[in-house]
Amino acid sequence: MNNRRSGNGRREVACHSCAHWRPHIFYPILGLCSVRGVLTFEDDWCEHYKPLSYGEDRFYWCVTCRMRLTAVEAREHASRGHKVYLSGYIDPDVREEIYDAF
Amino acid sequence: MTDLNIIIGGPQGGGIESAGQIAVKSLVLKGYNILGSREYHSNIMGAHSYYHLRAKEDKPGSLTLPVDALLALDAETVLTHYREVRPGGIVVYDPAVKATRVDSIQPMAPPLKERVKKDLESRGLPTTAEGALKAMESEGVKLVGLPLKAMLRKVSEEAKAPIASVSKTVNTLGLSAMLYMLGVEPGYIEKAISLQFAGKEKVIRMNVAAARIAVEYVREVYGEPEVLPDGPHKGKVRMVASGNDLVAMGKIVAGVGFLSYYPITPSSDEALYLERHKYVKLDDGMAEKVGYDRLSVVAVQMEDELASINAAIGAALAGARSSTTTSGPGYSLMNEGISLAVEAEVPIVVTLWMRAGPSTGMPTRTGQQDLLHSIFSGHGDAPKIVIASGDHVEAFYDAIKAFNWAEIFQSPVIHLLDKYLASAMASLDREELDLSKVVIDRGKLVDNPGEGYLRYKITEDGISPRARIGDAVMYMTGLEHTEDGKATEDPVAREQMMFKRERKMRKVLEVLPEEDKAVLYGDPDADVTLVSFGSTKGVILDAMKMLEGKGVKANFLQIRLLSPFPEDLVADILSSAKKVITVELNLMGQLAFLLRAHTGVKPDSQVIKVNGRPIYDYEVVEGVLKALDGAGRVVVSGGS
Ligand SMILES: [Zn+2]
């Protein structure tokens, strides 16, 4: 089933639509597979695939807005076509790239 | 003559800083002088940030637009900067961003979105990154597309590394492609990567692999570019430092013993530099002379700015060379302490890095809005010394002089700088920071005050012998006092102390050399005199050359000492000026106000910039030409 592709040629069943995937907050072509603990590309796939859903009452991460959302907001953003995940992936070295700003 | 201008943009935290640093290092290794500035958002992660860089054979005094090359690490960068690349320049981008609509980029500022949409619509282009790319292409900008995902896969395969490691090379891929297209040989890029990540072998290996893949790709698709000639400093060991770094270095050289601070942009990096260098190793000769081999700086983060200034006052009373560092909002809180330091004649150095206010304003953007604030800070007549540095080298020496003046005149010294200088990186030769030029003068500091010591002894120049607390019985208070420091409200004693403090400031004007008060650059007989202070110096000097090309002979009066104001010197210089135009980054025309108040000279025109971005060379030129056309006030507004 992982070979089904959408109109733009992208696999529909792939990391980018998996509940276990945590997209890189800046470069969401990459993300963390929370099951295997490795970074993958958005169009990779593995046997742990589980489709994303926004039913659970928890925080979510909107890639489009680069912000954390509640479940109600998550459903709303997703319905507007935003890419919403259970969480985002922050590179542990990100502090080296960030200036003090307050 | 090489004059290379670059913008590297992307999400803050997405490798923009590293990419900027690698670009700086590549071009310095190549032998060029560089000036590079970071522009970033105060909302920390993810918001658009960029590195703006200029490389020249001689020292760039300014940044400029349009640039020769734009590296866009995301769609927002394409849409933010597409009007800032010159015809014939290049833009390096990931074709995957093309379809991104302006409206779908949530972090992008709504007013900017509106401006971009309006512009693209007016050109009949789609309001997407592709529309912006087409706009650039139609103006003769070369589009260099880099398929980042495919390239990252290749890096992962070739370096046999997990994606986690190669994920950090997105910026290197783009940067290497851009530098190569600009004619920088891959050897320099790889050397710069090794320097940037020194000690992290795996990171170096991965980034070098990425650089090679990017270079190979663009060579295959776009052909071999013409090689950029080497600059005049190739092979020399040089340094690259920010204004924050140089002030911290100056403080160390001055022998700062204590620095208190509360974190605030753009001053924190100075404090953090001092924390990292809290032990300074002495050379062997010095170690033998003093009997120990290292010195220490106590750099302390306090609970707020009130504590910071008062801790600095305490350390100064104990005899340390003492300092605090902050920006406008923090300085507001320090006002009471400044007044205390004036009243009690405490030698402290307050480094004030101006940023765009009022209030929290735009914390990470630049401005020169605290000039009057610094001079008039502290309640009651509170005369003090205010010195403004014009560039990196001045910032270093002024940091040292500030401690001397604080101790000689027993007064707070406000060292005025701004965010642009704080974060701008400049290439320097070691000799530019000449330690043989450094003099340490602790003024009338006495080791053995003896019996009957009077801390506030009335003297001709207003300056009394100063003992450290603990070395003599003395009183220190914010109340008016007699010569022994005891509180008094006696009208005669009060007057004596008021005029004593005034005499010290007269002495400042008497003793300081002209080069520390005001400096005239260029032909004294010029058609127009530009008057400014602080970090506009390099920009104005660059603009003067451009103006000459347009037939306008300008000179430049840089006011360095803002308080006490060198009114005789400035009035004398301006008496022969044919036309006076002030250039400053504030709304009120604060320098123009001071000129008028102190010399009676009303500038013929004012060029101001208040959008939080640094002023560019071409803006000074534009401003002066408009002013010469009769405009009373010219507002310049460049930058993204
Ligand atoms: Zn969203």
# chains A, B, ... in the order shown; residues from 1 in each chain; ligands from 1

$ residues_near_ligand --ligand "ligand 1" --cutoff "8 Å" --atoms "only C-alpha atoms and all ligand atoms" --output "PDB file with all heavy atoms, in the first residue's frame"
ATOM      1  N   CYS A  62       1.978  22.359  14.381  1.00  0.00           N
ATOM      2  CA  CYS A  62       1.629  22.726  13.013  1.00  0.00           C
ATOM      3  C   CYS A  62       2.893  23.178  12.291  1.00  0.00           C
ATOM      4  O   CYS A  62       3.520  24.170  12.667  1.00  0.00           O
ATOM      5  CB  CYS A  62       0.580  23.835  12.977  1.00  0.00           C
ATOM      6  SG  CYS A  62       0.179  24.311  11.273  1.00  0.00           S
ATOM      7  N   VAL A  63       3.260  22.426  11.256  1.00  0.00           N
ATOM      8  CA  VAL A  63       4.455  22.733  10.463  1.00  0.00           C
ATOM      9  C   VAL A  63       4.256  24.051   9.715  1.00  0.00           C
ATOM     10  O   VAL A  63       5.157  24.883   9.631  1.00  0.00           O
ATOM     11  CB  VAL A  63       4.709  21.592   9.450  1.00  0.00           C
ATOM     12  CG1 VAL A  63       5.744  22.011   8.414  1.00  0.00           C
ATOM     13  CG2 VAL A  63       5.169  20.344  10.177  1.00  0.00           C
ATOM     14  N   THR A  64       3.052  24.241   9.208  1.00  0.00           N
ATOM     15  CA  THR A  64       2.776  25.425   8.399  1.00  0.00           C
ATOM     16  C   THR A  64       2.924  26.701   9.224  1.00  0.00           C
ATOM     17  O   THR A  64       3.495  27.680   8.769  1.00  0.00           O
ATOM     18  CB  THR A  64       1.343  25.335   7.827  1.00  0.00           C
ATOM     19  OG1 THR A  64       1.136  24.009   7.345  1.00  0.00           O
ATOM     20  CG2 THR A  64       1.126  26.325   6.706  1.00  0.00           C
ATOM     21  N   CYS A  65       2.391  26.666  10.436  1.00  0.00           N
ATOM     22  CA  CYS A  65       2.430  27.859  11.287  1.00  0.00           C
ATOM     23  C   CYS A  65       3.652  27.876  12.198  1.00  0.00           C
ATOM     24  O   CYS A  65       3.889  28.863  12.879  1.00  0.00           O
ATOM     25  CB  CYS A  65       1.179  27.935  12.154  1.00  0.00           C
ATOM     26  SG  CYS A  65      -0.329  28.023  11.207  1.00  0.00           S
ATOM     27  N   ARG A  66       4.396  26.758  12.222  1.00  0.00           N
ATOM     28  CA  ARG A  66       5.515  26.606  13.162  1.00  0.00           C
ATOM     29  C   ARG A  66       5.060  26.958  14.576  1.00  0.00           C
ATOM     30  O   ARG A  66       5.650  27.802  15.244  1.00  0.00           O
ATOM     31  CB  ARG A  66       6.696  27.485  12.756  1.00  0.00           C
ATOM     32  CG  ARG A  66       7.439  26.962  11.539  1.00  0.00           C
ATOM     33  CD  ARG A  66       8.705  27.755  11.313  1.00  0.00           C
ATOM     34  NE  ARG A  66       9.286  27.449  10.023  1.00  0.00           N
ATOM     35  CZ  ARG A  66       9.841  28.348   9.210  1.00  0.00           C
ATOM     36  NH1 ARG A  66       9.900  29.607   9.544  1.00  0.00           N
ATOM     37  NH2 ARG A  66      10.348  27.983   8.068  1.00  0.00           N
ATOM     38  N   MET A  67       3.956  26.356  14.990  1.00  0.00           N
ATOM     39  CA  MET A  67       3.505  26.596  16.369  1.00  0.00           C
ATOM     40  C   MET A  67       2.797  25.386  16.964  1.00  0.00           C
ATOM     41  O   MET A  67       2.331  24.511  16.245  1.00  0.00           O
ATOM     42  CB  MET A  67       2.629  27.847  16.443  1.00  0.00           C
ATOM     43  CG  MET A  67       1.254  27.729  15.836  1.00  0.00           C
ATOM     44  SD  MET A  67       0.505  29.355  15.647  1.00  0.00           S
ATOM     45  CE  MET A  67      -0.379  29.456  17.175  1.00  0.00           C
ATOM     46  N   ALA A  74      -5.736  21.924  16.421  1.00  0.00           N
ATOM     47  CA  ALA A  74      -5.108  21.003  15.471  1.00  0.00           C
ATOM     48  C   ALA A  74      -6.104  20.596  14.390  1.00  0.00           C
ATOM     49  O   ALA A  74      -5.790  20.608  13.196  1.00  0.00           O
ATOM     50  CB  ALA A  74      -4.581  19.767  16.198  1.00  0.00           C
ATOM     51  N   HIS A  77      -6.701  23.634  12.093  1.00  0.00           N
ATOM     52  CA  HIS A  77      -5.585  23.887  11.173  1.00  0.00           C
ATOM     53  C   HIS A  77      -5.524  22.814  10.091  1.00  0.00           C
ATOM     54  O   HIS A  77      -5.313  23.120   8.922  1.00  0.00           O
ATOM     55  CB  HIS A  77      -4.252  23.934  11.935  1.00  0.00           C
ATOM     56  CG  HIS A  77      -4.035  25.208  12.686  1.00  0.00           C
ATOM     57  ND1 HIS A  77      -2.920  25.999  12.514  1.00  0.00           N
ATOM     58  CD2 HIS A  77      -4.788  25.839  13.613  1.00  0.00           C
ATOM     59  CE1 HIS A  77      -2.993  27.054  13.316  1.00  0.00           C
ATOM     60  NE2 HIS A  77      -4.128  26.975  14.000  1.00  0.00           N
ATOM     61  N   ALA A  78      -5.708  21.546  10.508  1.00  0.00           N
ATOM     62  CA  ALA A  78      -5.635  20.449   9.537  1.00  0.00           C
ATOM     63  C   ALA A  78      -6.732  20.597   8.483  1.00  0.00           C
ATOM     64  O   ALA A  78      -6.506  20.349   7.298  1.00  0.00           O
ATOM     65  CB  ALA A  78      -5.747  19.108  10.251  1.00  0.00           C
ATOM     66  N   ARG A  80      -7.819  23.252   7.372  1.00  0.00           N
ATOM     67  CA  ARG A  80      -7.439  24.316   6.436  1.00  0.00           C
ATOM     68  C   ARG A  80      -6.252  23.905   5.556  1.00  0.00           C
ATOM     69  O   ARG A  80      -5.666  24.719   4.861  1.00  0.00           O
ATOM     70  CB  ARG A  80      -7.078  25.582   7.221  1.00  0.00           C
ATOM     71  CG  ARG A  80      -8.303  26.330   7.737  1.00  0.00           C
ATOM     72  CD  ARG A  80      -7.929  27.715   8.204  1.00  0.00           C
ATOM     73  NE  ARG A  80      -7.472  27.726   9.584  1.00  0.00           N
ATOM     74  CZ  ARG A  80      -6.487  28.503  10.036  1.00  0.00           C
ATOM     75  NH1 ARG A  80      -5.835  29.299   9.204  1.00  0.00           N
ATOM     76  NH2 ARG A  80      -6.134  28.464  11.300  1.00  0.00           N
ATOM     77  N   HIS A  82      -3.334  22.727   6.675  1.00  0.00           N
ATOM     78  CA  HIS A  82      -2.014  22.828   7.306  1.00  0.00           C
ATOM     79  C   HIS A  82      -1.491  21.429   7.629  1.00  0.00           C
ATOM     80  O   HIS A  82      -2.274  20.507   7.834  1.00  0.00           O
ATOM     81  CB  HIS A  82      -2.100  23.639   8.604  1.00  0.00           C
ATOM     82  CG  HIS A  82      -2.439  25.065   8.380  1.00  0.00           C
ATOM     83  ND1 HIS A  82      -2.302  26.027   9.334  1.00  0.00           N
ATOM     84  CD2 HIS A  82      -2.909  25.709   7.278  1.00  0.00           C
ATOM     85  CE1 HIS A  82      -2.682  27.192   8.855  1.00  0.00           C
ATOM     86  NE2 HIS A  82      -3.058  27.023   7.612  1.00  0.00           N
ATOM     87  N   LYS A  83      -0.172  21.315   7.660  1.00  0.00           N
ATOM     88  CA  LYS A  83       0.423  20.024   8.004  1.00  0.00           C
ATOM     89  C   LYS A  83       0.595  19.965   9.518  1.00  0.00           C
ATOM     90  O   LYS A  83       1.440  20.659  10.078  1.00  0.00           O
ATOM     91  CB  LYS A  83       1.777  19.880   7.336  1.00  0.00           C
ATOM     92  CG  LYS A  83       1.724  19.863   5.822  1.00  0.00           C
ATOM     93  CD  LYS A  83       3.106  19.498   5.311  1.00  0.00           C
ATOM     94  CE  LYS A  83       3.334  20.031   3.915  1.00  0.00           C
ATOM     95  NZ  LYS A  83       4.773  20.029   3.590  1.00  0.00           N
ATOM     96  N   VAL A  84      -0.260  19.140  10.166  1.00  0.00           N
ATOM     97  CA  VAL A  84      -0.268  19.091  11.628  1.00  0.00           C
ATOM     98  C   VAL A  84       0.195  17.713  12.108  1.00  0.00           C
ATOM     99  O   VAL A  84      -0.252  16.684  11.596  1.00  0.00           O
ATOM    100  CB  VAL A  84      -1.678  19.398  12.175  1.00  0.00           C
ATOM    101  CG1 VAL A  84      -1.696  19.313  13.693  1.00  0.00           C
ATOM    102  CG2 VAL A  84      -2.135  20.770  11.707  1.00  0.00           C
TER     103      VAL A  84
ATOM    104  N   GLN B 106       2.830  31.168   7.446  1.00  0.00           N
ATOM    105  CA  GLN B 106       2.257  31.794   8.630  1.00  0.00           C
ATOM    106  C   GLN B 106       3.224  32.730   9.363  1.00  0.00           C
ATOM    107  O   GLN B 106       2.816  33.788   9.824  1.00  0.00           O
ATOM    108  CB  GLN B 106       1.708  30.726   9.581  1.00  0.00           C
ATOM    109  CG  GLN B 106       0.567  29.915   8.974  1.00  0.00           C
ATOM    110  CD  GLN B 106      -0.614  30.779   8.555  1.00  0.00           C
ATOM    111  OE1 GLN B 106      -0.980  31.709   9.248  1.00  0.00           O
ATOM    112  NE2 GLN B 106      -1.200  30.470   7.400  1.00  0.00           N
TER     113      GLN B 106
END

$ interface_residues --of "chain B" --to "chain A" --cutoff "7 Å" --atoms "only C-alpha atoms" --output "list in words"
Pro11, Gln12, Gly13, Gly14, Gly15, Ile16, Glu17, Ser18, Ser42, Ile44, Gly46, Ile105, Gln106, Pro107, Lys149, Ile163, Ala164, Ile264, Thr265, Pro363 and Thr364 of chain B

$ residues_around --residues "Asn448 (chain B)" --least-positions-apart "5" --cutoff "9 Å" --atoms "only C-alpha atoms" --output "number ranges by chain"
B: 467, 471-472

$ atom_distance --atom1 "CA of Asp245 (chain B)" --atom2 "CA of Asp269 (chain B)"
7.5 Å

$ residues_around --residues "Leu65 (chain B)" --least-positions-apart "2" --cutoff "12 Å" --atoms "only C-alpha atoms" --output "number ranges by chain"
B: 3-7, 52-54, 62-63, 67-70, 81-87, 89, 614-619, 637-640

$ atom_distance --atom1 "CA of Val155 (chain B)" --atom2 "CA of Gly223 (chain B)"
21.1 Å

$ select_by_dssp --residues "chain A" --states "strand (DSSP E)" --output "mmCIF file with C-alpha atoms, in the first residue's frame"
data_model
loop_
_atom_site.group_PDB
_atom_site.id
_atom_site.type_symbol
_atom_site.label_atom_id
_atom_site.label_comp_id
_atom_site.auth_asym_id
_atom_site.auth_seq_id
_atom_site.Cartn_x
_atom_site.Cartn_y
_atom_site.Cartn_z
ATOM 1 C CA TRP A 21 6.653 11.017 12.563
ATOM 2 C CA ARG A 22 7.978 14.291 14.029
ATOM 3 C CA PRO A 23 8.864 16.722 11.225
ATOM 4 C CA LEU A 30 13.102 15.496 7.222
ATOM 5 C CA GLY A 31 11.692 14.177 10.458
ATOM 6 C CA LEU A 32 12.156 11.857 13.402
ATOM 7 C CA CYS A 33 10.533 8.426 13.465
ATOM 8 C CA VAL A 38 15.986 7.719 13.465
ATOM 9 C CA LEU A 39 15.536 10.639 11.088
ATOM 10 C CA THR A 40 13.836 9.814 7.815
ATOM 11 C CA PHE A 41 12.769 11.710 4.709
ATOM 12 C CA TYR A 60 0.061 19.094 18.375
ATOM 13 C CA TRP A 61 2.605 20.774 16.130
ATOM 14 C CA CYS A 62 1.629 22.726 13.013
ATOM 15 C CA MET A 67 3.505 26.596 16.369
ATOM 16 C CA ARG A 68 2.146 24.303 19.036
ATOM 17 C CA LEU A 69 -1.628 23.700 18.994
ATOM 18 C CA VAL A 84 -0.268 19.091 11.628
ATOM 19 C CA TYR A 85 1.667 16.448 13.610
#

$ closest_residue --among "A:Pro28, A:Val35, A:Asp44, A:Ser87" --to "Arg11 (chain A)" --atoms "only C-alpha atoms"
A:Asp44

$ closest_residue --among "B:Arg613, B:Arg238, B:Arg123, B:Lys289" --to "Val24 (chain B)" --atoms "only C-alpha atoms"
B:Arg238

$ residues_around --residues "Lys234 (chain B)" --least-positions-apart "4" --cutoff "9 Å" --atoms "only C-alpha atoms" --output "list in words"
Val28, Leu29, Lys30, Gly31, Tyr32 and Asp230 of chain B

$ select_by_dssp --residues "region 373-459 of chain B" --states "helix (DSSP H, G or I)" --output "ChimeraX atom specification"
/B:373-375,392-409,419-423,430-432,435-437

$ residues_around --residues "Phe403 (chain B)" --least-positions-apart "6" --cutoff "12 Å" --atoms "only C-alpha atoms" --output "MDAnalysis selection string"
chainID B and resid 247 250:258 316 320:324 346:351 385 387 396:397 409:415 438:443

$ write_last_selection --atoms "N, CA and C atoms" --output "tab-separated table (two decimals), in the first residue's frame"
chain	number	residue	atom	x	y	z
B	247	VAL	N	34.31	44.90	22.31
B	247	VAL	CA	34.13	45.63	23.57
B	247	VAL	C	34.57	44.75	24.74
B	250	GLY	N	38.25	44.67	24.79
B	250	GLY	CA	38.74	45.95	25.31
B	250	GLY	C	38.66	45.99	26.83
B	251	LYS	N	37.56	45.47	27.36
B	251	LYS	CA	37.39	45.47	28.81
B	251	LYS	C	38.46	44.60	29.48
B	252	ILE	N	38.75	43.45	28.86
B	252	ILE	CA	39.78	42.57	29.43
B	252	ILE	C	41.13	43.29	29.43
B	253	VAL	N	41.44	43.92	28.29
B	253	VAL	CA	42.72	44.64	28.19
B	253	VAL	C	42.76	45.77	29.23
B	254	ALA	N	41.62	46.40	29.46
B	254	ALA	CA	41.57	47.50	30.42
B	254	ALA	C	41.73	47.00	31.86
B	255	GLY	N	41.60	45.70	32.04
B	255	GLY	CA	41.74	45.14	33.39
B	255	GLY	C	40.43	45.14	34.16
B	256	VAL	N	39.34	44.93	33.46
B	256	VAL	CA	38.05	44.89	34.15
B	256	VAL	C	38.08	43.77	35.20
B	257	GLY	N	37.65	44.09	36.40
B	257	GLY	CA	37.65	43.08	37.44
B	257	GLY	C	36.25	42.54	37.69
B	258	PHE	N	35.26	43.35	37.32
B	258	PHE	CA	33.88	42.98	37.64
B	258	PHE	C	32.95	43.44	36.53
B	316	ALA	N	33.16	48.90	42.18
B	316	ALA	CA	34.02	50.06	41.91
B	316	ALA	C	34.49	50.69	43.22
B	320	ALA	N	37.76	47.76	42.22
B	320	ALA	CA	37.87	47.04	40.94
B	320	ALA	C	37.53	47.98	39.79
B	321	ARG	N	38.09	47.70	38.63
B	321	ARG	CA	37.58	48.35	37.42
B	321	ARG	C	36.25	47.66	37.14
B	322	SER	N	35.20	48.43	37.17
B	322	SER	CA	33.88	47.83	37.25
B	322	SER	C	32.97	48.31	36.12
B	323	SER	N	32.11	47.40	35.68
B	323	SER	CA	31.32	47.70	34.50
B	323	SER	C	30.01	46.93	34.51
B	324	THR	N	29.05	47.46	33.78
B	324	THR	CA	27.83	46.70	33.50
B	324	THR	C	27.47	46.94	32.05
B	346	VAL	N	31.34	57.70	41.65
B	346	VAL	CA	31.82	56.33	41.52
B	346	VAL	C	32.22	56.04	40.07
B	347	PRO	N	33.44	55.56	39.86
B	347	PRO	CA	33.88	55.28	38.50
B	347	PRO	C	33.34	53.96	37.97
B	348	ILE	N	32.28	54.02	37.21
B	348	ILE	CA	31.76	52.80	36.58
B	348	ILE	C	31.64	53.03	35.09
B	349	VAL	N	31.74	51.94	34.34
B	349	VAL	CA	31.54	52.00	32.89
B	349	VAL	C	30.23	51.27	32.58
B	350	VAL	N	29.32	51.98	31.94
B	350	VAL	CA	28.07	51.36	31.52
B	350	VAL	C	28.08	51.27	29.99
B	351	THR	N	28.10	50.05	29.49
B	351	THR	CA	28.08	49.88	28.04
B	351	THR	C	26.61	49.81	27.62
B	385	ILE	N	29.95	61.28	31.50
B	385	ILE	CA	30.68	61.18	30.23
B	385	ILE	C	29.95	60.20	29.32
B	387	ILE	N	30.49	58.51	25.48
B	387	ILE	CA	31.35	58.38	24.30
B	387	ILE	C	30.70	57.38	23.34
B	396	PHE	N	36.81	48.84	20.48
B	396	PHE	CA	37.84	48.20	21.31
B	396	PHE	C	38.57	49.25	22.15
B	397	TYR	N	39.10	50.27	21.50
B	397	TYR	CA	39.88	51.27	22.24
B	397	TYR	C	39.00	52.10	23.19
B	409	PHE	N	38.17	60.84	36.16
B	409	PHE	CA	37.17	61.87	36.49
B	409	PHE	C	36.17	61.41	37.56
B	410	GLN	N	36.33	60.19	38.02
B	410	GLN	CA	35.48	59.62	39.07
B	410	GLN	C	34.00	59.86	38.75
B	411	SER	N	33.65	59.30	37.62
B	411	SER	CA	32.32	59.56	37.06
B	411	SER	C	31.85	58.32	36.31
B	412	PRO	N	30.53	58.13	36.22
B	412	PRO	CA	30.08	57.09	35.30
B	412	PRO	C	30.45	57.48	33.87
B	413	VAL	N	30.87	56.49	33.09
B	413	VAL	CA	31.11	56.71	31.67
B	413	VAL	C	30.15	55.80	30.91
B	414	ILE	N	29.38	56.40	30.04
B	414	ILE	CA	28.44	55.62	29.23
B	414	ILE	C	29.09	55.40	27.87
B	415	HIS	N	29.32	54.13	27.55
B	415	HIS	CA	29.89	53.78	26.25
B	415	HIS	C	28.72	53.41	25.34
B	438	VAL	N	47.96	51.11	24.30
B	438	VAL	CA	47.03	51.14	25.44
B	438	VAL	C	47.71	51.72	26.67
B	439	VAL	N	47.05	52.69	27.27
B	439	VAL	CA	47.54	53.29	28.51
B	439	VAL	C	46.50	52.99	29.59
B	440	ILE	N	46.97	52.57	30.75
B	440	ILE	CA	46.04	52.39	31.87
B	440	ILE	C	46.30	53.53	32.86
B	441	ASP	N	45.28	54.32	33.12
B	441	ASP	CA	45.43	55.46	34.03
B	441	ASP	C	44.31	55.38	35.06
B	442	ARG	N	44.68	55.15	36.30
B	442	ARG	CA	43.65	54.98	37.34
B	442	ARG	C	43.38	56.29	38.09
B	443	GLY	N	43.92	57.39	37.57
B	443	GLY	CA	43.59	58.70	38.15
B	443	GLY	C	44.12	58.85	39.55

$ decode --residues "region 83-89 of chain A" --atoms "all heavy atoms" --output "PDB file, in the first residue's frame"
ATOM      1  N   LYS A  83      -0.172  21.315   7.660  1.00  0.00           N
ATOM      2  CA  LYS A  83       0.423  20.024   8.004  1.00  0.00           C
ATOM      3  C   LYS A  83       0.595  19.965   9.518  1.00  0.00           C
ATOM      4  O   LYS A  83       1.440  20.659  10.078  1.00  0.00           O
ATOM      5  CB  LYS A  83       1.777  19.880   7.336  1.00  0.00           C
ATOM      6  CG  LYS A  83       1.724  19.863   5.822  1.00  0.00           C
ATOM      7  CD  LYS A  83       3.106  19.498   5.311  1.00  0.00           C
ATOM      8  CE  LYS A  83       3.334  20.031   3.915  1.00  0.00           C
ATOM      9  NZ  LYS A  83       4.773  20.029   3.590  1.00  0.00           N
ATOM     10  N   VAL A  84      -0.260  19.140  10.166  1.00  0.00           N
ATOM     11  CA  VAL A  84      -0.268  19.091  11.628  1.00  0.00           C
ATOM     12  C   VAL A  84       0.195  17.713  12.108  1.00  0.00           C
ATOM     13  O   VAL A  84      -0.252  16.684  11.596  1.00  0.00           O
ATOM     14  CB  VAL A  84      -1.678  19.398  12.175  1.00  0.00           C
ATOM     15  CG1 VAL A  84      -1.696  19.313  13.693  1.00  0.00           C
ATOM     16  CG2 VAL A  84      -2.135  20.770  11.707  1.00  0.00           C
ATOM     17  N   TYR A  85       1.113  17.696  13.074  1.00  0.00           N
ATOM     18  CA  TYR A  85       1.667  16.448  13.610  1.00  0.00           C
ATOM     19  C   TYR A  85       1.555  16.423  15.127  1.00  0.00           C
ATOM     20  O   TYR A  85       1.263  17.452  15.748  1.00  0.00           O
ATOM     21  CB  TYR A  85       3.131  16.299  13.184  1.00  0.00           C
ATOM     22  CG  TYR A  85       3.277  16.131  11.693  1.00  0.00           C
ATOM     23  CD1 TYR A  85       3.335  17.239  10.856  1.00  0.00           C
ATOM     24  CD2 TYR A  85       3.314  14.860  11.119  1.00  0.00           C
ATOM     25  CE1 TYR A  85       3.433  17.094   9.486  1.00  0.00           C
ATOM     26  CE2 TYR A  85       3.414  14.704   9.742  1.00  0.00           C
ATOM     27  CZ  TYR A  85       3.477  15.822   8.924  1.00  0.00           C
ATOM     28  OH  TYR A  85       3.564  15.665   7.578  1.00  0.00           O
ATOM     29  N   LEU A  86       1.851  15.258  15.685  1.00  0.00           N
ATOM     30  CA  LEU A  86       1.761  15.148  17.140  1.00  0.00           C
ATOM     31  C   LEU A  86       2.846  15.965  17.838  1.00  0.00           C
ATOM     32  O   LEU A  86       2.687  16.420  18.954  1.00  0.00           O
ATOM     33  CB  LEU A  86       1.841  13.672  17.591  1.00  0.00           C
ATOM     34  CG  LEU A  86       0.478  12.970  17.667  1.00  0.00           C
ATOM     35  CD1 LEU A  86      -0.162  12.832  16.298  1.00  0.00           C
ATOM     36  CD2 LEU A  86       0.610  11.606  18.314  1.00  0.00           C
ATOM     37  N   SER A  87       3.949  16.138  17.132  1.00  0.00           N
ATOM     38  CA  SER A  87       5.039  16.920  17.708  1.00  0.00           C
ATOM     39  C   SER A  87       6.001  17.288  16.585  1.00  0.00           C
ATOM     40  O   SER A  87       5.923  16.726  15.486  1.00  0.00           O
ATOM     41  CB  SER A  87       5.751  16.090  18.783  1.00  0.00           C
ATOM     42  OG  SER A  87       6.820  16.829  19.317  1.00  0.00           O
ATOM     43  N   GLY A  88       6.893  18.223  16.857  1.00  0.00           N
ATOM     44  CA  GLY A  88       7.919  18.552  15.879  1.00  0.00           C
ATOM     45  C   GLY A  88       9.250  18.019  16.361  1.00  0.00           C
ATOM     46  O   GLY A  88       9.389  17.602  17.520  1.00  0.00           O
ATOM     47  N   TYR A  89      10.222  18.007  15.476  1.00  0.00           N
ATOM     48  CA  TYR A  89      11.564  17.566  15.864  1.00  0.00           C
ATOM     49  C   TYR A  89      12.497  18.772  15.889  1.00  0.00           C
ATOM     50  O   TYR A  89      12.593  19.524  14.912  1.00  0.00           O
ATOM     51  CB  TYR A  89      12.086  16.509  14.876  1.00  0.00           C
ATOM     52  CG  TYR A  89      13.574  16.241  15.034  1.00  0.00           C
ATOM     53  CD1 TYR A  89      14.066  15.557  16.140  1.00  0.00           C
ATOM     54  CD2 TYR A  89      14.486  16.694  14.077  1.00  0.00           C
ATOM     55  CE1 TYR A  89      15.425  15.331  16.296  1.00  0.00           C
ATOM     56  CE2 TYR A  89      15.853  16.474  14.223  1.00  0.00           C
ATOM     57  CZ  TYR A  89      16.312  15.790  15.329  1.00  0.00           C
ATOM     58  OH  TYR A  89      17.654  15.573  15.486  1.00  0.00           O
TER      59      TYR A  89
END
